[in-house]
Every structure is written in structure tokens, then in C-alpha cells.
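Before any comments, here is the structure.
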Amino acid sequence: MAHDSDLPCDGDGRCMICKISPPVEETLTCKTCVTPWHLNCLSARPKTLADAAQWECPDCSNLISSPPPSTATSGSEPSAILIAAIRAIESDASLSDQDKAKRRQQLLSGGGSDDGDKTTDANNEAGVGGDSDVLKLLTGSFNCSFCMQLPDRPVTTPCGHNFCLKCFEKWVGQGKRTCAICRASIPPKMASQPRINSSLVIAIRMAKLTKSNTASGPPKPYYSVLNQNRPDKAYTTERAKKSGKANACSGKIFVTVPPDHFGPILAENDPERGTGVLVGETWEDRMECRQWGAHLPHVAGISGQSHYGAQSVALSGGYEDDEDHGEWFLYTGSGGRDLSGNKRTNKTQSFDQKFEKYNEALRVSCRKGYPVRVVRSHKEKRSAYAPEKGVRYDGIYRIEKCWRKPGIQGYKVCRYLFVRCDNDPAPWTSDENGDRPRDLPSIKELKNATDVTERKSTPSWDFDVEKACWVWKVPAPGSRKQVDNVDVEDGNSTRKVRRKTQTLSVSERLLKEFCCVICHKVMTLPLTTPCAHNFCKSCLQETFAGQTLMKERTCEGRRTLRAQKNIMKCPSCSNDISDYLKNPQVNRELMSVIDTLQRQTKESEENAVLGEEILNTDEKTDDIEEEDINSDIDIVIVDESKVNKGLKRKKDGEKMETISNKAKQEDDESSSLVTV
DNA sequence: AGCCACAGCCTT
DNA sequence: AAGGCTGTGGCT
């Protein structure tokens with residue numbers, strides 16, 4: 001790199017060394033990268049006017065001799081190609097200055113020279129929409145400028161540049177504290193704890209997957225996140241504002257049974273351990289339990305389909321009517337509660353339960369005598385059989401009867417008699433054998449019961465006296481669903497593919513990943529915070545509308561206390577991003593990818609509508625004025641009424657002052673660019 | 001696309 | 001300790 005004392009002017013034209021904005025005659029512009037430098041602060045100045053005209057900044061002139069850390073194998077070639085490419089752009093008379101700037105930017109941020117000749121054309125392949133183009137597009141835009149590879153763990157600097165985590169760490173490890181591309185300083189926290197930009201991860205993974213899919217023959221159906229690509233543990237998505245399992249995506253499902261699988265989960269469906277799910281197995285929480293297929297819903301207590309049957313239930317203490325005797329228990333159906341608003345649980349009943357939905361699913365399992373898996377949660381406090389911690393698999397039960405009766409709260413509830421019928425002993429018993437058929441307990445409440453249902457036909461799951469174990473007497477119902485974690489090519493053409501997989505093109509799915517968490521639309525002027533969350537510039541501005549960086553504090557009118565820093569929490573993760581908000585820079589690489597994807601989507605839609613070729617269109621409207629992109633955010637803004645869309649809670653105790661409201665106009669313009 | 005759910009974290 | 005809050009995922 002350049003001599004350590006050499007630094008260019010920043011985005012506002014201020015010299016990064018002396019911090020003044022030098023007049024034009026004191027600035028020197030690099031002929032290669034067109035960055036302005038302050039003449040007086042340069043360690044080596046050009047000697048003649050002619051030299052000045054052909055001057056190359058210390059960064060560019062050293063590009064060849066100082067390859068970035070991890071390009072040892074590729075040596076100087078990429079840099080030489082890069083410079084040649086920049087020169088080609090500069091000499092292209094057909095481009096406006098703006099276009100040139102845009103292309104330079106793309107190049108310097110890892111713009112692919114992969115294609116050899118037309119370096120920047122990856123972004124202009126709109127309309128074709130071929131899936132492999134998407135990978136090319138990402139390769140052209142997100143390549144780490146150190147190693148020239150598509151990063152598998154991308155990190156984004158506050159100045160809006162993307163690198164591999166490894167390369168970034170290496171760079172920082174060398175003591176560098178400025179961005180390798182624009183020289184903006186890297187905040188200490190980012191340097192010590194870089195965060196992976198998970199939106200980019202998903203996008204890149206998706207593009208790679210798509211490529212491998214198209215490469216090997218017919219296109220495979222695509223799942224928004226394929227099971228095999230999910231992490232082993234539950235994780236929180238970009239959109240989920242609070243971390244924690246309640247708002248988490250499930251992790252990988254380890255077993256190979258379909259979601260509507262009845263009965264025990266056997267060893268053959270457990271490629272991970274080869275044991276199947278064993279009675280007594282305990283998991284941390286419902287999410288983890290889900291991953292092993294014992295009980296899939298992570299909130300609901302019943303897993304089932306009203307016309308098909310119920311596969312499993314959870315005893316979690318949600319219904320006070322439940323009565324647990326270990327080998328048998330009385331279970332209460334779901335519903336009867338007012339869950340309006342955003343409640344998920346509500347202990348008070350306000351209407352009768354009916355045999356519909358999940359309750360009906362349980363009744364089907366009762367009639368058919370299907371085996372039902374049972375898990376008990378530590379939250380069931382009144383039961384002696386509940387585990388101390390976590391969620392435990394207790395084996396197979398059968399529903400022998402069901403009925404309705406007035407519940408403790410007065411409203412009618414659906415009731416089910418579950419009796420254990422597993423080949424393994426229950427976790428609480430020291431018995432070495434599993435269950436034998438047993439007489440049904442006498443249930444007092446049956447006297448007041450209505451709608452009593454008993455099984456009339458042979459139970460599907462029953463005890464075989466000869467084999468001395470519980471088996472399927474009637475073949476298990478065929479699964480109507482597909483296992484999510486095996487490859488989905490070949491064979492069965494009647495398989496159902498999820499709706500979203502059929503309708504969305506790759507570009508559209510990628511665009512979905514690039515949605516702003518605040519407005520839920522595809523980002524315009526995307527910003528990436530140091531905590532690695534992505535937002536529209538305007539949305540982030542609006543979120544902190546009217547807030548100042550510092551908070552004045554007065555002590556009951558007497559004297560002014562030292563101003564206090566105003567904490568501005570990232571809308572995604574509650575990290576303080578006030579420092580970042582002083583001068584956030586648009587992630588241009590991301591922006592250009594979004595641009596292209598939007599063009600592709602738009603054009604493929606038009607193609608679909610017209611069914612004929614579309615002529616080359618001018619892309620003028622998609623261009624964004626240079627000045628708009630990184631104009632300062634003064635953490636100032638605008639119209640408070642626009643801010644509260646239920647996404648942001650106001651803090652009452654704090655009074656903020658608005659400095660000005662100049663940003664409004666720009667803002668409206670940029671938000672009008674939102675498409676899709 | 002809307003509804004529903006015996007979660008789990010955070011605030012009071 | 002109790003109640004509030006809220007993305008997610010499956011069913012309809």
C-alpha cells in the first residue's frame with residue numbers, strides 16, 4: 001500500500017490528513033482511480049504540470065507492487081488487469097462521467113475481470129435472466145477486493161465496502177484501520193468484532209445453489225432455504241427483530257421422516273446418529289425438539305391435519321384442564337381462546353372448543369387408532385411426569401376416546417384420553433419392558449360428556465401378541481408430504497413443490513433477500529450497519545427522525561450538565577449505531593446488484609406478458625444521482641407521523657431536538673425509487 | 001394470503 | 001412473577 005502518511009480526500013472532499021477541504025488548485029486527481037488528494041499533504045508530489053496531468057495516486061501506482069494479502073498465487077495480474085480496465089473505462093467516449101464513476105466503483109469493489117474483455121458487463125446482462133447469470137452478477141459485484149473471490153463470509157464496512165471475513169481480519173491484523181478501498185477509517189468495534197452480513201451470505205449461497213442446479217440437467221425445485229443448508233442450530237433471521245428462539249427459524253431437521261410421519265422415528269430415518277429418536281431423549285427447547293422430528297410445531301401443541309390425523313402432541317402446561325397420570329393422560333384440545341391482536345397464548349377461554357382443525361386431527365387419530373408421539377415440556381408444572389428442564393420425548397400413545405365437556409373455565413373443551421402404547425418403557429419407570437395393552441381407566445367426567453367418539457374399527461397401531469410388541473396392524477397412512485432434507489430430483493413427478501418455489505425466479509428470490517427490515521421492500525440506497533444489518537437509507541433516517549447525536553441534560557433548570565450521547569439502537573439488533581449514523585455510506589456494490597436484479601425481473605415480467613422480444617431500453621430512470629447516494633445524513637429528519645408504522649416504539653422520557661429538516665426532499669425522491 | 005399456535009425473550 | 005411482545009411455520 002501507499003506510504004502510511006498518504007491519505008486521499010474523503011467523500012466530502014476533506015483531506016483525511018489535515019482535515020481541511022482544499023481548494024481546487026490544491027487538489028490532485030489520480031488519473032486511474034480519480035480520487036482527489038490534497039497536494040500539500042502528499043509525501044511525493046509530481047514535479048511538472050505534465051506529470052500532474054498523468055499523476056497516479058500512491059495507491060494505484062503501488063497496486064502492482066503490493067498485492068493484497070491473500071493474492072499470493074495470482075500475483076500482479078489481477079491488478080494489472082484492473083488498471084487496464086479502469087483506463088478502458090476512462091477512454092470510453094460513449095460513457096458519461098457518471099457512468100464512468102459507476103463502473104470504476106464497480107471495478108474497484110471487486111468488479112469482475114473474469115470475463116476477460118468487457119469487464120463491467122456483468123451488470124448489463126439484464127433481461128436474459130438465466131440463472132447462471134445471477135452468479136456471474138454476484139461474482140462481478142461482491143468479489144472480495146483482496147482475494148478476488150466471492151466471499152463465503154462477507155463483512156461490510158461502514159463505508160459500504162464488502163470483503164471476506166478472512167481477508168478483512170488479515171488486513172486488520174496488519175494494523176490497518178482504514179478501508180482498503182476508500183481509506184475511510186474502520187471503527188474499532190468493527191475491526192475487533194467484524195459481523196457477517198447474512199443477507200449477502202444467503203444471496204451468494206442461493207446463487208451458487210442455483211448454478212449447481214442448472215449445471216446438472218433439469219432445474220430442481222428450490223426451497224427458500226434448503227434443509228441441508230440450514231445451520232445445525234435454530235437461528236434468527238434478518239427480519240426477526242428480537243433474538244431468541246421465539247423468533248427463530250428452525251435449524252436443520254436431522255431426521256428424514258416427512259412432516260406428516262406417524263409413529264416412532266426409527267434408526268433408518270436418523271442418518272445423523274443411526275439411532276432414531278429414543279424414548280427419554282430431552283432437548284433444550286421446542287425448536288430443538290422440532291429438529292429431531294418428534295414434534296414439529298414450535299408453538300402449537302398439536303401437530304396434525306384435520307382431514308388426515310394428528311402425529312404428535314406436546315404437554316406444556318398451557319391448559320389447566322389437562323390431567324397427567326404418566327401412562328395415560330387427559331388432553332385438552334386447542335382453541336377457545338381469544339388470540340386477537342398479537343397474542344400467541346392466552347390463558348383465559350372465551351368460547352367453546354369444537355372438533356375442527358387440530359382438534360379434528362386428533363379425533364381422526366382416535367378413530368383410526370394411529371400412534372401419536374408425545375413430548376412433555378418442563379413448563380407443565382402440575383405434572384409429576386414432566387421433565388425438570390427442556391422437552392422430552394415420552395414415546396407413543398394412542399387416543400382411545402374423545403369427547404367434549406365443560407372446562408374449568410366454563411366453556412366447552414375437547415378432551416382426549418391418551419394411553420401409552422410404546423415398545424420402550426416410559427422415562428419415569430424402572431420397568432424394563434414397554435407397554436402392554438391395559439384396561440382403560442375410568443373417567444369420571446365422561447358422565448357429563450357430549451360428542452363422545454370411540455374407535456370402532458381396528459386400530460392401525462396395535463399390540464401383536466405373537467411378536468409381543470406394538471406394530472402397524474393396518475399399514476401406516478402414506479405421507480402426503482415430502483421429506484425436506486433429501487435431494488429432490490428424479491422419479492416422482494407428482495410431488496408437490498411449494499408454491500413460492502414455482503412462482504419466483506432466481507432474481508426475485510434474491511431480491512427478497514435484499515429487503516429492508518423496516519419497510520419490507522427491496523432496499524433503495526442500501527446501508528449496512530457495523531452490526532451487519534441492511535436497511536434503506538431513507539428508512540434508517542426516518543427511524544431516527546428528529547433525534548440528535550447528543551442529548552442535552554438539564555438539572556431542574558439550574559445548570560446544564562454535560563451532554564449525553566444519544567443511544568440509537570439498530571432496528572435489527574439493538575446495537576448502538578449512532579456513530580455509524582454520523583456518516584453512513586451506501587453499499588454501492590449491493591445497490592448495483594439490486595439494480596440489475598430489478599431490471600432483470602422487470603424485463604422478464606415484460607417478456608412474459610408480451611411474449612416477444614423486448615428492444616433495448618434506456619436505463620436512465622434506474623440511475624441514481626451521484627450526489628444523492630452519499631450525501632450526509634444529519635440524523636435529522638422529518639415527519640414524525642411517518643415514522644410510527646408499528647415498527648418503532650417511542651421513548652417517552654427523552655426529549656429530542658430537531659436540528660433541521662432539509663433531508664425530506666431527497667428522501668421522498670429516493671423512496672419513490674422503490675420497486676417490486 | 002390469512003389465520004392460528006401449550007414459545008421464549010424482554011419489560012414491568 | 002406476570003404479562004407484553006412478536007417473527008415463524010404449518011394449516012386452510
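Scheme for the C-alpha cells: letters A, B, ... for chains in order shown; per-chain residue numbers from 1; ligand numbers from 1 in order shown.
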List the neighbours of DG3 of chain C out to 10 Å using only C-alpha atoms (C1' of nucleotides); skip same-chain residues closer than 2 positions along the sequence, and give me the result as a PyMOL selection string. (chain B and resi 11-12) or (chain C and resi 1+5)
With 7 Å as the limit and counting only C-alpha atoms (C1' of nucleotides), what residues in chain A lie close to chain B? Please list them as a PyMOL selection string. chain A and resi 244-246+298-301+315-319+344
Take the residues that were just selected and, keeping N, CA and C atoms, output them as a PDB file, in the first residue's frame.
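Resulting contents of out.pdb:
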```pdb
ATOM      1  N   GLY A 244     -33.460 -14.773  19.812  1.00  0.00           N
ATOM      2  CA  GLY A 244     -34.076 -15.733  20.724  1.00  0.00           C
ATOM      3  C   GLY A 244     -34.942 -16.716  19.990  1.00  0.00           C
ATOM      4  N   LYS A 245     -35.150 -17.840  20.611  1.00  0.00           N
ATOM      5  CA  LYS A 245     -35.823 -18.940  19.949  1.00  0.00           C
ATOM      6  C   LYS A 245     -37.268 -18.637  19.555  1.00  0.00           C
ATOM      7  N   ALA A 246     -37.901 -17.736  20.286  1.00  0.00           N
ATOM      8  CA  ALA A 246     -39.296 -17.461  19.960  1.00  0.00           C
ATOM      9  C   ALA A 246     -39.410 -16.873  18.570  1.00  0.00           C
ATOM     10  N   HIS A 298     -43.543 -25.300  16.585  1.00  0.00           N
ATOM     11  CA  HIS A 298     -42.737 -24.773  17.684  1.00  0.00           C
ATOM     12  C   HIS A 298     -43.542 -23.949  18.665  1.00  0.00           C
ATOM     13  N   VAL A 299     -44.794 -23.721  18.351  1.00  0.00           N
ATOM     14  CA  VAL A 299     -45.664 -23.076  19.326  1.00  0.00           C
ATOM     15  C   VAL A 299     -46.848 -23.983  19.639  1.00  0.00           C
ATOM     16  N   ALA A 300     -47.506 -24.443  18.611  1.00  0.00           N
ATOM     17  CA  ALA A 300     -48.725 -25.223  18.796  1.00  0.00           C
ATOM     18  C   ALA A 300     -48.462 -26.537  19.528  1.00  0.00           C
ATOM     19  N   GLY A 301     -49.473 -27.004  20.221  1.00  0.00           N
ATOM     20  CA  GLY A 301     -49.327 -28.230  20.990  1.00  0.00           C
ATOM     21  C   GLY A 301     -49.674 -29.478  20.195  1.00  0.00           C
ATOM     22  N   LEU A 315     -47.234 -31.740  25.818  1.00  0.00           N
ATOM     23  CA  LEU A 315     -47.834 -31.357  27.091  1.00  0.00           C
ATOM     24  C   LEU A 315     -46.971 -30.258  27.683  1.00  0.00           C
ATOM     25  N   SER A 316     -47.471 -29.042  27.580  1.00  0.00           N
ATOM     26  CA  SER A 316     -46.645 -27.913  28.004  1.00  0.00           C
ATOM     27  C   SER A 316     -47.300 -27.085  29.090  1.00  0.00           C
ATOM     28  N   GLY A 317     -48.376 -27.561  29.635  1.00  0.00           N
ATOM     29  CA  GLY A 317     -48.985 -26.832  30.742  1.00  0.00           C
ATOM     30  C   GLY A 317     -49.830 -25.660  30.314  1.00  0.00           C
ATOM     31  N   GLY A 318     -50.186 -25.620  29.048  1.00  0.00           N
ATOM     32  CA  GLY A 318     -50.964 -24.487  28.566  1.00  0.00           C
ATOM     33  C   GLY A 318     -52.435 -24.552  28.953  1.00  0.00           C
ATOM     34  N   TYR A 319     -52.926 -25.740  29.202  1.00  0.00           N
ATOM     35  CA  TYR A 319     -54.344 -25.879  29.531  1.00  0.00           C
ATOM     36  C   TYR A 319     -54.505 -26.489  30.905  1.00  0.00           C
ATOM     37  N   ARG A 344     -50.143 -14.881  21.401  1.00  0.00           N
ATOM     38  CA  ARG A 344     -49.914 -16.239  20.946  1.00  0.00           C
ATOM     39  C   ARG A 344     -50.504 -17.214  21.944  1.00  0.00           C
TER      40      ARG A 344
END
```
Separation of atom CA of Asp321 of chain A from atom CA of Ala449 of chain A in Å: 14.0 Å
Skip DT8 of chain C itself and residues of its chain fewer than 2 positions away, then list as a list in words all residues within 9 Å of it, counting only C-alpha atoms (C1' of nucleotides).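 Within the cut-off, the hits are Ala240, Ala246, Asn247, Ala248, Cys249, Ser250 and His298 of chain A.
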Could you please tell me, as a PyMOL selection string, which residues of chain C have an atom within 8 Å of chain A when using only C-alpha atoms (C1' of nucleotides)? chain C and resi 5-11
Grab the atom CA of Ile399 of chain A to atom CA of Glu445 of chain A distance for me, in Å with one decimal place.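 These atoms are spaced 16.3 Å apart.
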Between atom CA of Thr524 of chain A and atom CA of Asp595 of chain A - distance in Å to one decimal: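 Atom CA of Asp595 of chain A sits 9.0 Å away from atom CA of Thr524 of chain A.
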